[in-house]
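Asker: My structure is in final.cif, and what it holds is mmCIF, C-alpha atoms:
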data_start
loop_
_atom_site.label_atom_id
_atom_site.label_comp_id
_atom_site.auth_asym_id
_atom_site.auth_seq_id
_atom_site.Cartn_x
_atom_site.Cartn_y
_atom_site.Cartn_z
CA MET M 218 123.25 91.06 89.79
CA ARG M 219 122.67 94.66 88.67
CA GLY M 220 124.49 94.04 85.39
CA TRP M 221 122.54 90.84 84.78
CA LEU M 222 119.20 92.58 85.37
CA ARG M 223 120.26 95.46 83.10
CA THR M 224 121.04 92.97 80.32
CA LEU M 225 117.61 91.34 80.71
CA ARG M 226 115.98 94.77 80.70
CA ASN M 227 117.78 95.75 77.51
CA ARG M 228 116.77 92.54 75.79
CA GLY M 229 113.15 93.23 76.72
CA ILE M 230 113.32 96.84 75.52
CA PHE M 231 114.91 96.21 72.14
CA ARG M 232 113.91 92.63 71.34
CA GLY M 233 110.68 92.01 73.24
CA GLY M 234 110.00 88.40 74.13
CA PRO M 235 109.80 86.99 77.68
CA PHE M 236 111.69 89.93 79.24
CA ARG M 237 109.30 92.59 77.90
CA ALA M 238 107.52 92.80 81.27
CA LEU M 239 110.81 93.51 83.06
CA ALA M 240 111.53 96.25 80.54
CA ARG M 241 108.19 97.91 81.27
CA LEU M 242 109.01 98.00 84.98
CA ALA M 243 112.31 99.81 84.34
CA GLU M 244 111.85 103.30 82.94
CA TYR M 245 114.02 104.10 79.95
CA PRO M 246 113.58 107.86 79.51
CA VAL M 247 116.81 108.81 77.76
CA HIS M 248 116.11 107.57 74.24
CA GLY M 249 112.87 105.58 74.18
CA ALA M 250 114.37 103.76 71.21
CA GLY M 251 112.96 100.31 71.92
CA ARG M 252 109.58 100.89 70.29
CA TRP M 253 111.28 102.25 67.18
CA PHE M 254 113.44 99.15 66.86
CA ARG M 255 110.33 96.98 67.09
CA ARG M 256 108.42 99.18 64.64
CA PHE M 257 111.25 99.09 62.08
CA GLY M 258 111.83 95.38 62.61
CA ILE M 259 115.48 95.98 63.54
CA GLY M 260 116.99 92.74 64.80
CA PRO M 261 120.24 91.74 66.52
CA HIS M 262 122.03 91.09 63.22
CA ASP M 263 121.15 94.42 61.58
CA ARG M 264 123.78 97.13 61.18
CA VAL M 265 123.06 100.22 63.27
CA VAL M 266 125.00 103.45 63.84
CA ASP M 267 124.20 106.07 66.48
CA VAL M 268 125.45 109.47 65.27
CA GLY M 269 126.45 111.77 68.10
CA CYS M 270 126.46 108.95 70.64
CA GLY M 271 128.15 110.93 73.44
CA SER M 272 129.28 108.55 76.17
CA GLY M 273 127.65 105.68 74.25
CA GLU M 274 124.98 104.71 76.77
CA LEU M 275 122.47 103.64 74.12
CA VAL M 276 125.13 101.79 72.12
CA ARG M 277 126.27 99.88 75.20
CA ASP M 278 122.68 98.96 76.05
CA LEU M 279 122.14 97.66 72.53
CA ARG M 280 125.32 95.59 72.69
CA GLU M 281 124.18 94.10 75.99
CA ALA M 282 120.83 93.27 74.36
CA GLY M 283 122.67 91.20 71.74
CA PHE M 284 123.02 93.66 68.84
CA ALA M 285 126.47 92.75 67.59
CA ASN M 286 126.67 95.23 64.69
CA VAL M 287 126.01 98.50 66.53
CA LEU M 288 128.43 101.40 66.27
CA GLY M 289 128.46 104.81 67.97
CA ILE M 290 130.29 107.82 66.58
CA ASP M 291 130.89 111.28 68.00
CA PRO M 292 133.48 113.83 66.82
CA PHE M 293 133.59 115.61 70.19
CA LEU M 294 134.71 112.77 72.45
CA PRO M 295 137.45 114.18 74.73
CA ALA M 296 140.96 112.93 74.17
CA ASP M 297 141.33 111.59 77.71
CA VAL M 298 138.56 108.98 77.23
CA LEU M 299 139.76 107.66 73.87
CA PRO M 300 142.25 105.06 75.22
CA ASP M 301 139.47 103.41 77.25
CA LEU M 302 136.78 103.37 74.57
CA PRO M 303 135.54 100.00 73.31
CA PRO M 304 135.99 99.45 69.55
CA PHE M 305 132.28 100.00 68.90
CA ILE M 306 132.50 103.67 69.99
CA ARG M 307 134.61 105.91 67.77
CA LYS M 308 135.66 109.54 67.57
CA SER M 309 134.51 110.31 64.03
CA TRP M 310 132.61 112.81 61.91
CA LEU M 311 129.62 111.64 59.90
CA HIS M 312 131.32 112.31 56.56
CA GLU M 313 134.27 110.12 57.59
CA MET M 314 132.08 107.02 57.86
CA SER M 315 131.80 104.30 55.23
CA GLY M 316 129.78 101.13 54.81
CA GLU M 317 126.06 100.40 54.64
CA PHE M 318 123.67 100.41 57.59
CA ASP M 319 120.13 99.22 58.17
CA LEU M 320 119.44 102.04 60.64
CA VAL M 321 121.12 105.39 61.20
CA MET M 322 120.02 107.19 64.37
CA LEU M 323 120.38 110.87 65.24
CA HIS M 324 119.05 111.36 68.76
CA HIS M 325 119.09 115.12 69.28
CA THR M 326 122.19 115.69 67.20
CA LEU M 327 120.89 117.14 63.91
CA GLU M 328 120.02 120.46 65.56
CA HIS M 329 123.72 120.86 66.42
CA MET M 330 124.91 120.41 62.81
CA PRO M 331 125.60 123.56 60.77
CA HIS M 332 124.86 122.02 57.36
CA GLN M 333 121.48 120.30 57.48
CA HIS M 334 121.14 119.17 53.85
CA GLU M 335 124.73 117.95 53.63
CA SER M 336 124.40 116.04 56.91
CA LEU M 337 121.23 114.26 55.81
CA ALA M 338 122.82 113.49 52.44
CA GLN M 339 125.66 111.77 54.33
CA VAL M 340 123.04 109.79 56.26
CA ALA M 341 121.38 108.73 52.99
CA ARG M 342 124.79 107.68 51.64
CA LEU M 343 125.26 105.31 54.58
CA LEU M 344 121.87 103.63 54.29
CA ARG M 345 121.38 100.39 52.41
CA ARG M 346 118.52 100.34 49.94
CA GLY M 347 115.39 100.30 52.05
CA GLY M 348 117.33 101.31 55.17
CA MET M 349 115.81 103.60 57.79
CA CYS M 350 116.92 106.82 59.45
CA LEU M 351 115.56 107.94 62.84
CA VAL M 352 115.89 111.68 63.57
CA ARG M 353 114.76 113.07 66.93
CA ILE M 354 114.85 116.86 67.32
CA PRO M 355 113.09 119.77 69.07
CA VAL M 356 110.34 121.29 66.95
CA LEU M 357 108.12 124.34 66.68
CA PRO M 358 105.32 125.28 67.14
CA ASN M 359 104.63 123.90 70.60
CA GLU M 360 102.93 124.76 73.87
CA ALA M 361 106.16 125.06 75.89
CA TRP M 362 107.42 127.80 73.54
CA ASN M 363 104.11 129.63 73.83
CA ARG M 364 104.36 129.51 77.60
CA TYR M 365 108.05 130.17 78.26
CA ARG M 366 109.40 131.95 75.17
CA GLU M 367 113.08 132.83 75.76
CA ASN M 368 113.16 130.44 78.74
CA TRP M 369 112.04 127.44 76.67
CA MET M 370 114.84 124.99 77.41
CA GLN M 371 115.00 123.53 73.90
CA LEU M 372 116.27 126.82 72.47
CA ASP M 373 119.59 125.84 74.08
CA ALA M 374 121.47 128.72 72.46
CA PRO M 375 124.11 128.75 71.14
CA ARG M 376 124.38 124.96 70.82
CA HIS M 377 121.16 124.46 68.87
CA LEU M 378 121.74 125.93 65.44
CA TYR M 379 118.32 125.01 64.00
CA ILE M 380 114.82 124.50 65.34
CA HIS M 381 112.70 122.87 62.64
CA ILE M 382 109.01 122.78 62.02
CA PRO M 383 107.96 119.33 60.76
CA ASP M 384 107.58 120.49 57.18
CA SER M 385 110.99 122.19 57.09
CA LEU M 386 112.70 118.93 58.03
CA ARG M 387 110.86 117.16 55.21
CA ARG M 388 111.94 119.88 52.77
CA VAL M 389 115.58 119.36 53.75
CA ALA M 390 115.43 115.57 53.85
CA VAL M 391 113.77 114.86 50.51
CA PRO M 392 116.45 116.56 48.33
CA ALA M 393 119.06 114.68 50.39
CA GLY M 394 117.59 111.38 49.19
CA LEU M 395 115.30 110.51 52.09
CA THR M 396 111.53 110.04 52.27
CA LEU M 397 109.59 110.97 55.38
CA GLU M 398 107.60 107.91 56.45
CA CYS M 399 106.12 108.99 59.78
CA THR M 400 106.32 111.54 62.58
CA GLU M 401 105.69 110.95 66.28
CA PHE M 402 105.83 113.60 68.99
CA ASP M 403 107.78 112.33 71.99
CA SER M 404 108.22 115.29 74.33
CA THR M 405 108.62 114.73 78.08
CA GLU M 406 108.06 116.62 81.30
CA LEU M 407 111.51 118.19 80.83
CA GLN M 408 109.97 120.80 78.53
CA PHE M 409 108.26 122.18 81.65
CA THR M 410 110.67 121.40 84.46
CA GLY M 411 113.73 122.62 82.57
CA SER M 412 111.97 125.75 81.33
CA GLU M 413 110.65 126.48 84.83
CA LEU M 414 114.21 126.39 86.17
CA TYR M 415 115.41 128.73 83.44
CA ALA M 416 112.54 131.12 84.25
CA ARG M 417 113.81 131.09 87.86
CA ASP M 418 117.38 131.73 86.62
CA GLN M 419 118.45 128.28 87.85
CA PRO M 420 120.54 125.69 85.95
CA LEU M 421 119.36 122.24 84.89
CA SER M 422 121.76 120.72 87.42
CA GLN M 423 119.18 121.65 90.07
CA LEU M 424 116.44 119.47 88.57
CA ASN M 425 116.68 116.81 91.28
CA GLY M 426 114.52 117.86 94.20
CA SER M 427 113.12 121.00 92.58
CA PHE M 428 109.71 119.47 91.83
CA SER M 429 107.42 117.26 93.85
CA GLU M 430 106.26 113.89 92.58
CA ARG M 431 102.79 115.34 92.20
CA GLU M 432 104.13 118.14 90.00
CA LEU M 433 106.13 115.67 87.91
CA ARG M 434 103.07 113.45 87.36
CA ALA M 435 101.08 116.49 86.24
CA TYR M 436 103.82 117.54 83.82
CA ARG M 437 104.08 114.01 82.42
CA GLY M 438 100.36 113.88 81.86
CA GLU M 439 100.41 117.25 80.10
CA ALA M 440 103.33 116.13 77.91
CA ALA M 441 101.39 113.01 76.87
CA ARG M 442 98.34 115.09 75.96
CA LEU M 443 100.44 117.55 73.96
CA ASN M 444 102.15 114.71 72.09
CA ALA M 445 98.79 113.22 71.18
CA SER M 446 97.63 116.56 69.75
CA GLY M 447 100.90 117.27 67.89
CA ARG M 448 101.92 120.14 70.19
CA GLY M 449 104.86 118.58 72.03
CA ASP M 450 108.22 120.31 71.88
CA GLN M 451 110.13 117.46 70.25
CA ALA M 452 109.41 114.75 67.71
CA ALA M 453 110.82 111.63 66.12
CA PHE M 454 110.91 111.48 62.31
#
Please go through the file and, once you have read it, give me the structure as C-alpha coordinates.
Answerer:
Amino acid sequence: MRGWLRTLRNRGIFRGGPFRALARLAEYPVHGAGRWFRRFGIGPHDRVVDVGCGSGELVRDLREAGFANVLGIDPFLPADVLPDLPPFIRKSWLHEMSGEFDLVMLHHTLEHMPHQHESLAQVARLLRRGGMCLVRIPVLPNEAWNRYRENWMQLDAPRHLYIHIPDSLRRVAVPAGLTLECTEFDSTELQFTGSELYARDQPLSQLNGSFSERELRAYRGEAARLNASGRGDQAAF
(Lines of atoms letter the chains of each structure in order from A and count residues from 1; the text may use other names and numbers.)
(Lines give C-alpha, C1' and ligand atoms only; values in the text may rest on other atoms or scores of the structure.)
Protein backbone atom coordinates (compact mmCIF):
# COMPACT_ATOMS: atom_id res chain seq x y z
CA MET A 1 0.00 0.00 0.00
CA ARG A 2 2.84 2.40 0.87
CA GLY A 3 4.53 1.78 -2.49
CA TRP A 4 1.26 2.28 -4.35
CA LEU A 5 0.58 5.59 -2.58
CA ARG A 6 4.16 6.73 -3.25
CA THR A 7 3.68 6.02 -6.96
CA LEU A 8 0.46 8.06 -7.02
CA ARG A 9 2.20 10.86 -5.14
CA ASN A 10 5.07 10.90 -7.63
CA ARG A 11 2.70 11.02 -10.57
CA GLY A 12 0.95 13.99 -9.00
CA ILE A 13 4.22 15.80 -8.27
CA PHE A 14 5.82 15.40 -11.69
CA ARG A 15 2.84 15.02 -14.02
CA GLY A 16 -0.06 16.79 -12.30
CA GLY A 17 -3.50 15.52 -13.23
CA PRO A 18 -5.95 13.83 -10.83
CA PHE A 19 -3.26 12.93 -8.27
CA ARG A 20 -2.04 16.52 -7.83
CA ALA A 21 -4.05 16.90 -4.61
CA LEU A 22 -2.39 13.81 -3.11
CA ALA A 23 1.00 15.25 -4.02
CA ARG A 24 0.21 18.48 -2.17
CA LEU A 25 -0.61 16.51 0.98
CA ALA A 26 2.76 14.75 0.92
CA GLU A 27 5.69 17.10 1.48
CA TYR A 28 8.54 16.68 -0.97
CA PRO A 29 11.33 18.79 0.56
CA VAL A 30 14.42 17.10 -0.87
CA HIS A 31 14.36 18.42 -4.43
CA GLY A 32 11.13 20.32 -5.07
CA ALA A 33 11.62 19.35 -8.72
CA GLY A 34 7.98 18.84 -9.63
CA ARG A 35 7.19 22.48 -10.34
CA TRP A 36 10.26 22.74 -12.56
CA PHE A 37 9.17 19.75 -14.62
CA ARG A 38 5.77 21.35 -15.12
CA ARG A 39 7.30 24.74 -15.92
CA PHE A 40 9.67 23.25 -18.50
CA GLY A 41 6.97 21.02 -19.94
CA ILE A 42 9.05 17.89 -19.28
CA GLY A 43 6.93 14.82 -19.97
CA PRO A 44 7.29 11.08 -19.37
CA HIS A 45 8.95 10.49 -22.75
CA ASP A 46 11.61 13.20 -22.43
CA ARG A 47 15.23 12.28 -21.75
CA VAL A 48 16.45 13.44 -18.34
CA VAL A 49 19.75 12.97 -16.49
CA ASP A 50 20.36 13.80 -12.83
CA VAL A 51 24.07 14.62 -12.35
CA GLY A 52 25.33 13.73 -8.90
CA CYS A 53 22.28 11.64 -8.10
CA GLY A 54 23.68 10.06 -4.92
CA SER A 55 21.49 7.15 -3.87
CA GLY A 56 19.12 7.99 -6.74
CA GLU A 57 16.04 8.92 -4.72
CA LEU A 58 14.83 11.50 -7.23
CA VAL A 59 15.56 9.22 -10.19
CA ARG A 60 13.61 6.37 -8.61
CA ASP A 61 10.67 8.68 -7.90
CA LEU A 62 10.66 9.84 -11.51
CA ARG A 63 10.73 6.25 -12.77
CA GLU A 64 7.79 5.41 -10.52
CA ALA A 65 5.95 8.43 -11.94
CA GLY A 66 6.30 6.97 -15.44
CA PHE A 67 9.41 8.74 -16.76
CA ALA A 68 11.02 5.92 -18.70
CA ASN A 69 14.06 7.82 -20.01
CA VAL A 70 15.54 9.09 -16.74
CA LEU A 71 19.15 8.38 -15.82
CA GLY A 72 21.15 9.18 -12.68
CA ILE A 73 24.93 9.41 -12.62
CA ASP A 74 27.38 9.85 -9.76
CA PRO A 75 31.14 9.18 -9.83
CA PHE A 76 31.34 8.64 -6.07
CA LEU A 77 28.96 5.71 -5.64
CA PRO A 78 30.69 3.20 -3.32
CA ALA A 79 31.81 -0.06 -4.84
CA ASP A 80 29.72 -2.19 -2.49
CA VAL A 81 26.42 -0.80 -3.86
CA LEU A 82 27.26 -1.16 -7.55
CA PRO A 83 26.13 -4.81 -7.96
CA ASP A 84 22.65 -3.91 -6.69
CA LEU A 85 22.15 -0.72 -8.70
CA PRO A 86 19.36 -0.65 -11.29
CA PRO A 87 20.53 0.08 -14.86
CA PHE A 88 19.20 3.65 -14.71
CA ILE A 89 21.72 4.61 -11.98
CA ARG A 90 25.37 4.58 -13.04
CA LYS A 91 28.76 5.30 -11.57
CA SER A 92 30.01 7.84 -14.10
CA TRP A 93 31.67 11.22 -14.47
CA LEU A 94 29.89 13.95 -16.41
CA HIS A 95 32.52 14.00 -19.17
CA GLU A 96 32.06 10.25 -19.72
CA MET A 97 28.42 10.68 -20.74
CA SER A 98 27.15 10.70 -24.31
CA GLY A 99 23.80 11.22 -25.99
CA GLU A 100 21.30 14.08 -26.06
CA PHE A 101 18.97 15.03 -23.22
CA ASP A 102 15.95 17.28 -22.88
CA LEU A 103 16.83 18.16 -19.28
CA VAL A 104 20.10 17.96 -17.35
CA MET A 105 19.73 18.51 -13.60
CA LEU A 106 22.42 19.44 -11.09
CA HIS A 107 20.81 19.51 -7.65
CA HIS A 108 23.52 20.87 -5.35
CA THR A 109 26.36 19.26 -7.24
CA LEU A 110 27.96 22.12 -9.20
CA GLU A 111 29.43 23.65 -6.04
CA HIS A 112 31.41 20.42 -5.55
CA MET A 113 33.00 20.53 -9.03
CA PRO A 114 36.51 22.00 -9.31
CA HIS A 115 36.17 23.18 -12.93
CA GLN A 116 33.00 25.25 -13.27
CA HIS A 117 33.27 26.35 -16.91
CA GLU A 118 34.34 22.91 -18.13
CA SER A 119 31.52 21.21 -16.20
CA LEU A 120 28.86 23.51 -17.65
CA ALA A 121 30.35 23.06 -21.13
CA GLN A 122 29.88 19.29 -20.67
CA VAL A 123 26.26 19.96 -19.67
CA ALA A 124 25.74 22.06 -22.82
CA ARG A 125 27.26 19.26 -24.91
CA LEU A 126 24.65 16.82 -23.60
CA LEU A 127 21.64 19.06 -24.26
CA ARG A 128 19.59 18.77 -27.43
CA ARG A 129 18.91 22.02 -29.23
CA GLY A 130 16.44 23.87 -27.05
CA GLY A 131 17.12 21.56 -24.10
CA MET A 132 17.11 22.86 -20.53
CA CYS A 133 19.57 22.69 -17.65
CA LEU A 134 18.46 23.09 -14.01
CA VAL A 135 21.23 24.13 -11.58
CA ARG A 136 20.47 24.46 -7.86
CA ILE A 137 23.27 25.84 -5.67
CA PRO A 138 23.91 27.90 -2.52
CA VAL A 139 24.36 31.59 -3.27
CA LEU A 140 25.59 34.82 -1.74
CA PRO A 141 24.65 37.39 -0.54
CA ASN A 142 21.98 36.16 1.84
CA GLU A 143 20.53 36.77 5.29
CA ALA A 144 21.77 33.48 6.79
CA TRP A 145 25.38 34.42 5.96
CA ASN A 146 24.90 37.85 7.51
CA ARG A 147 23.58 36.25 10.67
CA TYR A 148 25.82 33.21 11.12
CA ARG A 149 29.02 33.93 9.17
CA GLU A 150 31.46 31.01 9.67
CA ASN A 151 28.61 28.88 11.05
CA TRP A 152 26.46 29.30 7.93
CA MET A 153 25.83 25.67 7.02
CA GLN A 154 26.07 26.17 3.26
CA LEU A 155 29.78 26.99 3.50
CA ASP A 156 30.23 23.23 4.00
CA ALA A 157 34.02 23.45 3.80
CA PRO A 158 35.94 21.73 2.36
CA ARG A 159 33.30 20.02 0.18
CA HIS A 160 31.90 23.20 -1.36
CA LEU A 161 34.57 24.56 -3.66
CA TYR A 162 32.55 27.53 -4.95
CA ILE A 163 29.80 29.76 -3.62
CA HIS A 164 28.39 31.82 -6.49
CA ILE A 165 26.56 35.08 -6.63
CA PRO A 166 23.82 34.96 -9.29
CA ASP A 167 25.79 37.04 -11.77
CA SER A 168 28.96 34.94 -11.41
CA LEU A 169 27.05 31.80 -12.41
CA ARG A 170 25.73 33.60 -15.49
CA ARG A 171 29.26 34.70 -16.39
CA VAL A 172 30.47 31.10 -16.23
CA ALA A 173 27.45 29.60 -18.00
CA VAL A 174 27.23 31.88 -21.02
CA PRO A 175 30.75 31.12 -22.39
CA ALA A 176 29.97 27.43 -21.85
CA GLY A 177 27.10 27.70 -24.34
CA LEU A 178 24.16 28.21 -21.99
CA THR A 179 21.71 31.10 -21.61
CA LEU A 180 20.26 32.00 -18.23
CA GLU A 181 16.47 32.00 -18.58
CA CYS A 182 15.30 32.50 -15.00
CA THR A 183 16.35 32.42 -11.36
CA GLU A 184 14.22 31.38 -8.38
CA PHE A 185 15.34 31.40 -4.76
CA ASP A 186 14.34 28.18 -3.03
CA SER A 187 15.99 28.21 0.40
CA THR A 188 14.42 26.32 3.30
CA GLU A 189 14.41 26.43 7.08
CA LEU A 190 17.62 24.37 7.03
CA GLN A 191 19.61 27.58 6.51
CA PHE A 192 18.63 28.47 10.09
CA THR A 193 18.31 25.13 11.84
CA GLY A 194 21.57 23.76 10.45
CA SER A 195 23.45 26.98 11.13
CA GLU A 196 22.04 27.15 14.66
CA LEU A 197 23.40 23.66 15.35
CA TYR A 198 26.81 24.61 14.00
CA ALA A 199 26.80 27.72 16.21
CA ARG A 200 26.16 25.37 19.16
CA ASP A 201 29.01 23.10 17.97
CA GLN A 202 26.51 20.32 17.22
CA PRO A 203 26.34 18.16 14.05
CA LEU A 204 23.46 18.07 11.58
CA SER A 205 22.68 14.53 12.72
CA GLN A 206 21.05 16.14 15.77
CA LEU A 207 18.45 18.04 13.74
CA ASN A 208 15.58 15.76 14.74
CA GLY A 209 14.16 16.96 18.03
CA SER A 210 16.39 20.02 18.35
CA PHE A 211 13.67 22.50 17.36
CA SER A 212 10.02 22.77 18.29
CA GLU A 213 7.29 22.77 15.67
CA ARG A 214 6.67 26.42 16.47
CA GLU A 215 10.32 27.26 15.79
CA LEU A 216 10.26 25.29 12.54
CA ARG A 217 7.13 27.11 11.34
CA ALA A 218 8.78 30.44 12.11
CA TYR A 219 11.93 29.46 10.21
CA ARG A 220 9.87 28.26 7.23
CA GLY A 221 7.98 31.51 7.14
CA GLU A 222 11.21 33.51 7.27
CA ALA A 223 12.71 31.38 4.48
CA ALA A 224 9.66 32.06 2.29
CA ARG A 225 9.94 35.81 2.88
CA LEU A 226 13.67 35.80 2.11
CA ASN A 227 13.09 33.84 -1.09
CA ALA A 228 10.48 36.35 -2.21
CA SER A 229 12.93 39.22 -1.66
CA GLY A 230 15.89 37.46 -3.30
CA ARG A 231 17.80 36.99 -0.03
CA GLY A 232 17.53 33.22 0.43
CA ASP A 233 20.70 31.20 0.75
CA GLN A 234 20.14 28.99 -2.29
CA ALA A 235 18.60 29.36 -5.73
CA ALA A 236 17.55 27.43 -8.80
CA PHE A 237 18.86 28.65 -12.17
Asker: Need the shell around range 422-424 of chain M: protein/DNA/RNA residues with any atom at most 9 Å away, counting all atoms listed in the file. Skip same-chain ones fewer than 6 positions apart. Format as a tab-separated table (two decimals) with C-alpha atoms, in the frame of the given file?
Answerer:
chain	number	residue	atom	x	y	z
M	410	THR	CA	110.67	121.40	84.46
M	411	GLY	CA	113.73	122.62	82.57
M	414	LEU	CA	114.21	126.39	86.17
Asker: With a cut-off of 10 Å, could you pull out the residues of range 329-372 of chain M touching range 445-454 of chain M and give me the nearest pair of atoms for each, distance in Å to one decimal, using all atoms listed in the file, ordered by chain and ascending number, as a Markdown table?
Answerer:
| residue | atom | partner | partner_atom | distance |
| --- | --- | --- | --- | --- |
| M:Cys350 | CA | M:Phe454 | CA | 8.1 |
| M:Leu351 | CA | M:Phe454 | CA | 5.9 |
| M:Val352 | CA | M:Phe454 | CA | 5.1 |
| M:Arg353 | CA | M:Ala453 | CA | 4.3 |
| M:Ile354 | CA | M:Gln451 | CA | 5.6 |
| M:Pro355 | CA | M:Gln451 | CA | 3.9 |
| M:Val356 | CA | M:Gln451 | CA | 5.1 |
| M:Leu357 | CA | M:Asp450 | CA | 6.6 |
| M:Pro358 | CA | M:Arg448 | CA | 6.9 |
| M:Asn359 | CA | M:Arg448 | CA | 4.7 |
| M:Glu360 | CA | M:Arg448 | CA | 6.0 |
| M:Ala361 | CA | M:Asp450 | CA | 6.5 |
| M:Trp362 | CA | M:Asp450 | CA | 7.7 |
| M:Trp369 | CA | M:Asp450 | CA | 9.4 |
| M:Met370 | CA | M:Asp450 | CA | 9.8 |
| M:Gln371 | CA | M:Asp450 | CA | 7.8 |
Asker: What does the structure give for the distance between CA of Asn286 in chain M and CA of Val265 in chain M, in Å to one decimal?
Answerer: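 One can read the CA of Asn286 in chain M to CA of Val265 in chain M distance as 6.3 Å.
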Asker: Starting from the point (125.6, 107.5, 75.6), work out which residues of protein, DNA or RNA have an atom no more than 12 Å away when counting all atoms listed in the file; state them as a list in words.
Answerer: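 Residues satisfying the cut-off, written out: Val247, His248, Asp267, Val268, Gly269, Cys270, Gly271, Ser272, Gly273, Glu274, Leu275, Val276, Arg277, Asp278, Leu279, Leu288, Gly289, Ile290, Asp291, Leu294, Leu302, Ile306, His324 and His325 of chain M.
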Asker: Interatomic distance between CA of Asp319 in chain M and CA of Leu343 in chain M?
Answerer: 8.7 Å
Asker: Might you spell out which residues the PyMOL selection byres ((chain M and resi 348) around 9) would select in the displayed file, as a list in words?
Answerer: Glu317, Phe318, Asp319, Leu320, Val321, Ala341, Leu343, Leu344, Arg345, Arg346, Gly347, Met349 and Cys350 of chain M
Asker: Which distance in Å separates CA of Ser427 in chain M and CA of Asn368 in chain M, to one decimal?
Answerer: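 Taking CA of Ser427 in chain M and CA of Asn368 in chain M, their separation equals 16.8 Å.
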Asker: Sort by chain and increasing residue number a table of all residues of range 316-366 of chain M within 7 Å of range 391-395 of chain M, each with its closest pair of atoms and their distance in Å to one decimal, counting all atoms listed in the file, and write it as a Markdown table.
Answerer:
| residue | atom | partner | partner_atom | distance |
| --- | --- | --- | --- | --- |
| M:His334 | CA | M:Ala393 | CA | 6.0 |
| M:Leu337 | CA | M:Ala393 | CA | 5.9 |
| M:Ala338 | CA | M:Ala393 | CA | 4.4 |
| M:Ala341 | CA | M:Gly394 | CA | 6.0 |
Asker: On this structure, the PyMOL selection byres ((chain M and resi 383-387) around 8) would catch which residues? List them as a VMD selection string, sorted by chain and number.
Answerer: chain M and resid 356 to 357 381 to 382 388 to 391 396 to 397
